[in-house]
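This report refers to the structure that appears directly beneath it.
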Amino acid sequence: MTDAPEALPPEDGALPEPTRCGFVALIGAPNAGKSTLINALVGAKVSIVSRKVQTTRSVVRGIALEGASQIIVVDTPGIFAPKRRLDRAMVTSAWGGAGDADLVALLVDARKGVDEEVEAILEKLGELKRPKVLILNKIDTIDRSRLLALAQDINARHPFRETFMISALTGDGVDKVRQSFAAMMKPGPWLYPEDQVSDAPLRILAAEITREKLFERLHDELPYQSTVETDQWKVMKDGSARVEQTIFVARESQRKIVLGKGGATIKAIGEMARKEIAEAAETKVHLFLFVKVRENWADDPERYREMGLEFPRG
Ligand SMILES: Nc1nc2c(ncn2[C@@H]2O[C@H](COP(=O)(O)OP(=O)(O)OP(=O)(O)O)[C@@H](O)[C@H]2O)c(=O)[nH]1
């Protein structure tokens with residue numbers, strides 16, 4: 001009996017490409033298009049896209065694969081002037097995430113150009129000793145001469161290793177960004193096994209979808225600190241998924257709003273979310289939603305740890 005060697009070199013004699021892996025911190029002012037870009041890079045909907053600013057609640061990681069590279073994108077919450085404790089924690093986390101990353105990508109809305117927010121970020125960028133690239137987004141909205149002038153202006157304020165011009169919305173230029181990111185990752189094993197790449201984001205994605213439906217339905221009545229967590233994602237014998245999620249609200253009165261009369265509101269939200277989760281997971285989904293009151297969670301250190309945030313003192 002002859003044992004075949006475990007890994008045969010490819011027929012042409014070339015060695016297989018070594019794997020690469022790393023973190024990219026995507027930073028930018030609210031509404032620059034970070035969520036849209038992450039979705040385009042990853043090829044699945046992992047982050048809420050909203051017209052409202054400051055929708056990103058936790059550091060959601062999108063995992064993009066390109067050739068032998070795994071690119072873990074950290075979607076930093078909008079870097080805005082923090083007032084409340086939770087907002088401050090999110091800003092600290094955004095900058096903290098950028099400091100740890102292998103690559104920092106600044107996303108700028110080309111139509112807006114350098115406004116106060118971008119200026120503040122550019123000033124702070126100098127402190128980050130990481131390779132940095134500039135991505136000018138929404139190029140579908142402005143003409144080329146303005147775009148080139150903007151690229152020059154920003155690079156004069158802070159030199160970037162590379163400048164990309166893209167439309168996250170149409171996908172124009174996104175492949176090139178993914179390829180460049182891939183080449184900038186360090187050689188090394190992938191942090192997420194290939195099968196988990198689809199599973200972990202699915203749980204996050206499912207929670208994001210339900211949260212999106214919740215806010216579409218109850219935007220005026222619910223404070224934005226309500227969260228959704230996926231407690232269970234179980235694949236059943238027939239291939240369908242049993243998904244359990246908890247919606248956390250701050251007060252009993254909000255719980256009643258989410259439930260609605262005779263449970264009508266949560267039923268409608270669940271139905272909409274279930275359809276979209278099933279579409280994303282490409283399988284039949286049974287969705288079970290629970291609503292719980294978690295009082296003052298915005299001041300609870302334990303919650304911050306769960307979200308991977310640092311609890312800000314004072
Ligand atoms: N025209 C155009 N619109 C875009 C483009 N990319 C994003 N948008 C729009 O810009 C808005 C904000 O996009 P998001 O992806 O939610 O922005 P964000 O930076 O993640 O926002 P926060 O999570 O609030 O920080 C949405 O209405 C997007 O559809 C683009 O390339 N072109």
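Just so we're on the same page: first chain in the structure tokens is A, next is B, and so on; residues restart at 1 for each chain, and ligands are numbered from 1 in the order they show up.
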
Spatial neighbours of A:Lys34, 8 Å, only C-alpha atoms, chain gap at least 6 places, as a ChimeraX atom specification
/A:26-28,75,107

Give me every strand (DSSP E or B) residue in stretch 90-268 of chain A, going by DSSP on the backbone, as a PDB file with N, CA and C atoms, in the first residue's frame.
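See result39.pdb below for the written result:
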```
ATOM      1  N   LEU A 103      -3.244  47.923  10.175  1.00  0.00           N
ATOM      2  CA  LEU A 103      -3.409  48.945   9.152  1.00  0.00           C
ATOM      3  C   LEU A 103      -4.583  49.836   9.551  1.00  0.00           C
ATOM      4  N   VAL A 104      -4.404  51.132   9.388  1.00  0.00           N
ATOM      5  CA  VAL A 104      -5.494  52.054   9.687  1.00  0.00           C
ATOM      6  C   VAL A 104      -5.970  52.653   8.364  1.00  0.00           C
ATOM      7  N   ALA A 105      -7.259  52.549   8.121  1.00  0.00           N
ATOM      8  CA  ALA A 105      -7.799  53.108   6.881  1.00  0.00           C
ATOM      9  C   ALA A 105      -8.751  54.238   7.241  1.00  0.00           C
ATOM     10  N   LEU A 106      -8.431  55.426   6.754  1.00  0.00           N
ATOM     11  CA  LEU A 106      -9.322  56.565   7.012  1.00  0.00           C
ATOM     12  C   LEU A 106     -10.263  56.734   5.831  1.00  0.00           C
ATOM     13  N   LEU A 107     -11.545  56.692   6.142  1.00  0.00           N
ATOM     14  CA  LEU A 107     -12.555  56.839   5.102  1.00  0.00           C
ATOM     15  C   LEU A 107     -13.113  58.259   5.154  1.00  0.00           C
ATOM     16  N   VAL A 108     -13.088  58.924   4.018  1.00  0.00           N
ATOM     17  CA  VAL A 108     -13.566  60.313   3.961  1.00  0.00           C
ATOM     18  C   VAL A 108     -14.657  60.432   2.894  1.00  0.00           C
ATOM     19  N   ASP A 109     -15.738  61.074   3.266  1.00  0.00           N
ATOM     20  CA  ASP A 109     -16.809  61.377   2.321  1.00  0.00           C
ATOM     21  C   ASP A 109     -16.303  62.479   1.393  1.00  0.00           C
ATOM     22  N   LYS A 132      -0.909  53.753   7.359  1.00  0.00           N
ATOM     23  CA  LYS A 132      -2.233  54.349   7.147  1.00  0.00           C
ATOM     24  C   LYS A 132      -2.521  54.539   5.662  1.00  0.00           C
ATOM     25  N   VAL A 133      -3.745  54.279   5.315  1.00  0.00           N
ATOM     26  CA  VAL A 133      -4.169  54.564   3.943  1.00  0.00           C
ATOM     27  C   VAL A 133      -5.401  55.463   3.974  1.00  0.00           C
ATOM     28  N   LEU A 134      -5.570  56.187   2.894  1.00  0.00           N
ATOM     29  CA  LEU A 134      -6.716  57.093   2.774  1.00  0.00           C
ATOM     30  C   LEU A 134      -7.681  56.525   1.739  1.00  0.00           C
ATOM     31  N   ILE A 135      -8.953  56.510   2.097  1.00  0.00           N
ATOM     32  CA  ILE A 135      -9.954  56.067   1.124  1.00  0.00           C
ATOM     33  C   ILE A 135     -10.971  57.187   0.934  1.00  0.00           C
ATOM     34  N   LEU A 136     -10.993  57.737  -0.264  1.00  0.00           N
ATOM     35  CA  LEU A 136     -11.998  58.756  -0.566  1.00  0.00           C
ATOM     36  C   LEU A 136     -13.232  58.039  -1.092  1.00  0.00           C
ATOM     37  N   ASN A 137     -14.330  58.209  -0.386  1.00  0.00           N
ATOM     38  CA  ASN A 137     -15.555  57.486  -0.743  1.00  0.00           C
ATOM     39  C   ASN A 137     -16.569  58.421  -1.412  1.00  0.00           C
ATOM     40  N   GLU A 162      -1.042  55.089   0.851  1.00  0.00           N
ATOM     41  CA  GLU A 162      -1.747  54.921  -0.414  1.00  0.00           C
ATOM     42  C   GLU A 162      -3.067  55.679  -0.359  1.00  0.00           C
ATOM     43  N   THR A 163      -3.565  56.111  -1.497  1.00  0.00           N
ATOM     44  CA  THR A 163      -4.871  56.768  -1.535  1.00  0.00           C
ATOM     45  C   THR A 163      -5.762  56.028  -2.533  1.00  0.00           C
ATOM     46  N   PHE A 164      -6.936  55.657  -2.061  1.00  0.00           N
ATOM     47  CA  PHE A 164      -7.894  54.973  -2.932  1.00  0.00           C
ATOM     48  C   PHE A 164      -9.076  55.895  -3.191  1.00  0.00           C
ATOM     49  N   MET A 165      -9.666  55.745  -4.336  1.00  0.00           N
ATOM     50  CA  MET A 165     -10.879  56.504  -4.645  1.00  0.00           C
ATOM     51  C   MET A 165     -11.965  55.512  -5.017  1.00  0.00           C
ATOM     52  N   SER A 167     -16.355  54.113  -4.665  1.00  0.00           N
ATOM     53  CA  SER A 167     -17.749  54.282  -4.288  1.00  0.00           C
ATOM     54  C   SER A 167     -18.165  52.979  -3.610  1.00  0.00           C
ATOM     55  N   ASP A 172     -17.478  50.482  -7.016  1.00  0.00           N
ATOM     56  CA  ASP A 172     -16.382  50.972  -7.839  1.00  0.00           C
ATOM     57  C   ASP A 172     -15.102  51.119  -6.996  1.00  0.00           C
ATOM     58  N   LYS A 186       0.076  40.617   7.377  1.00  0.00           N
ATOM     59  CA  LYS A 186       1.338  39.926   7.695  1.00  0.00           C
ATOM     60  C   LYS A 186       1.232  38.431   7.382  1.00  0.00           C
ATOM     61  N   PRO A 187       2.332  37.810   6.957  1.00  0.00           N
ATOM     62  CA  PRO A 187       2.283  36.363   6.774  1.00  0.00           C
ATOM     63  C   PRO A 187       1.963  35.694   8.106  1.00  0.00           C
ATOM     64  N   THR A 227     -30.419  47.021  22.654  1.00  0.00           N
ATOM     65  CA  THR A 227     -29.527  46.140  21.891  1.00  0.00           C
ATOM     66  C   THR A 227     -30.196  44.797  21.612  1.00  0.00           C
ATOM     67  N   VAL A 228     -29.642  44.085  20.678  1.00  0.00           N
ATOM     68  CA  VAL A 228     -30.135  42.743  20.370  1.00  0.00           C
ATOM     69  C   VAL A 228     -28.946  41.791  20.402  1.00  0.00           C
ATOM     70  N   GLU A 229     -29.134  40.662  21.044  1.00  0.00           N
ATOM     71  CA  GLU A 229     -28.075  39.661  21.056  1.00  0.00           C
ATOM     72  C   GLU A 229     -28.605  38.317  20.558  1.00  0.00           C
ATOM     73  N   THR A 230     -27.784  37.627  19.803  1.00  0.00           N
ATOM     74  CA  THR A 230     -28.157  36.284  19.363  1.00  0.00           C
ATOM     75  C   THR A 230     -27.643  35.295  20.406  1.00  0.00           C
ATOM     76  N   ASP A 231     -28.579  34.656  21.128  1.00  0.00           N
ATOM     77  CA  ASP A 231     -28.173  33.744  22.203  1.00  0.00           C
ATOM     78  C   ASP A 231     -27.882  32.353  21.660  1.00  0.00           C
ATOM     79  N   GLN A 232     -28.625  31.983  20.645  1.00  0.00           N
ATOM     80  CA  GLN A 232     -28.443  30.624  20.129  1.00  0.00           C
ATOM     81  C   GLN A 232     -28.618  30.574  18.621  1.00  0.00           C
ATOM     82  N   TRP A 233     -27.752  29.831  17.972  1.00  0.00           N
ATOM     83  CA  TRP A 233     -27.884  29.567  16.535  1.00  0.00           C
ATOM     84  C   TRP A 233     -27.661  28.078  16.369  1.00  0.00           C
ATOM     85  N   LYS A 234     -28.746  27.349  16.257  1.00  0.00           N
ATOM     86  CA  LYS A 234     -28.613  25.901  16.246  1.00  0.00           C
ATOM     87  C   LYS A 234     -29.087  25.354  14.902  1.00  0.00           C
ATOM     88  N   VAL A 235     -28.210  24.582  14.282  1.00  0.00           N
ATOM     89  CA  VAL A 235     -28.597  23.989  12.998  1.00  0.00           C
ATOM     90  C   VAL A 235     -29.359  22.689  13.267  1.00  0.00           C
ATOM     91  N   ALA A 241     -32.316  26.575  10.710  1.00  0.00           N
ATOM     92  CA  ALA A 241     -31.652  27.097  11.905  1.00  0.00           C
ATOM     93  C   ALA A 241     -32.672  27.561  12.932  1.00  0.00           C
ATOM     94  N   ARG A 242     -32.411  27.195  14.186  1.00  0.00           N
ATOM     95  CA  ARG A 242     -33.229  27.708  15.284  1.00  0.00           C
ATOM     96  C   ARG A 242     -32.435  28.830  15.928  1.00  0.00           C
ATOM     97  N   VAL A 243     -32.991  30.021  15.844  1.00  0.00           N
ATOM     98  CA  VAL A 243     -32.262  31.197  16.309  1.00  0.00           C
ATOM     99  C   VAL A 243     -33.009  31.847  17.466  1.00  0.00           C
ATOM    100  N   GLU A 244     -32.306  32.020  18.570  1.00  0.00           N
ATOM    101  CA  GLU A 244     -32.917  32.710  19.713  1.00  0.00           C
ATOM    102  C   GLU A 244     -32.203  34.019  19.953  1.00  0.00           C
ATOM    103  N   GLN A 245     -32.993  35.060  20.086  1.00  0.00           N
ATOM    104  CA  GLN A 245     -32.396  36.374  20.319  1.00  0.00           C
ATOM    105  C   GLN A 245     -33.090  37.084  21.474  1.00  0.00           C
ATOM    106  N   THR A 246     -32.329  37.916  22.161  1.00  0.00           N
ATOM    107  CA  THR A 246     -32.910  38.733  23.214  1.00  0.00           C
ATOM    108  C   THR A 246     -32.782  40.209  22.847  1.00  0.00           C
ATOM    109  N   ILE A 247     -33.889  40.905  22.977  1.00  0.00           N
ATOM    110  CA  ILE A 247     -33.873  42.358  22.790  1.00  0.00           C
ATOM    111  C   ILE A 247     -33.790  42.967  24.187  1.00  0.00           C
ATOM    112  N   PHE A 248     -32.765  43.757  24.427  1.00  0.00           N
ATOM    113  CA  PHE A 248     -32.627  44.386  25.736  1.00  0.00           C
ATOM    114  C   PHE A 248     -33.084  45.843  25.670  1.00  0.00           C
ATOM    115  N   VAL A 249     -33.971  46.191  26.585  1.00  0.00           N
ATOM    116  CA  VAL A 249     -34.425  47.581  26.678  1.00  0.00           C
ATOM    117  C   VAL A 249     -34.126  48.092  28.085  1.00  0.00           C
TER     118      VAL A 249
END
```

Find the residue from A:Leu41, A:Ile72, A:Ile139, A:Leu205 that sits nearest to ligand 1; use only C-alpha atoms and all ligand atoms when measuring.
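Going through A:Leu41, A:Ile72, A:Ile139, A:Leu205 one by one, the smallest distance to ligand 1 is for A:Ile139.
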
Which one of A:Val118, A:Ala68, A:Ile269, A:Met185 sits closest to A:Asn31 if you count only C-alpha atoms?
A:Val118

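Shortest separation to ligand 1 among A:Val24, A:Leu122, A:Ile166, A:Ala40 occurs at residue A:Ile166, atoms counted being only C-alpha atoms and all ligand atoms.
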
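Candidate residues A:Ile63, A:Ala206, A:Leu125, A:Ala32 were compared for distance to A:Leu287, and the nearest is A:Ala206, using only C-alpha atoms.
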
Distance of atom CA of A:Ile121 from atom CA of A:Ala29, expressed in Å to one decimal place
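These atoms are spaced 8.0 Å apart.
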
Just checking: using only C-alpha atoms, which residue out of A:Ile38, A:Ala156, A:Val174, A:Ala273 ends up closest to A:Val285?
A:Ala273

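Each of A:Ala151, A:Val42, A:Val293, A:Val177 was compared to A:Val73 using only C-alpha atoms, and A:Val42 turns out to be the nearest.
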
Length of the atom CA of A:Glu208 to atom CA of A:Lys261 vector [Å]
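Between these atoms lies a distance of 24.3 Å.
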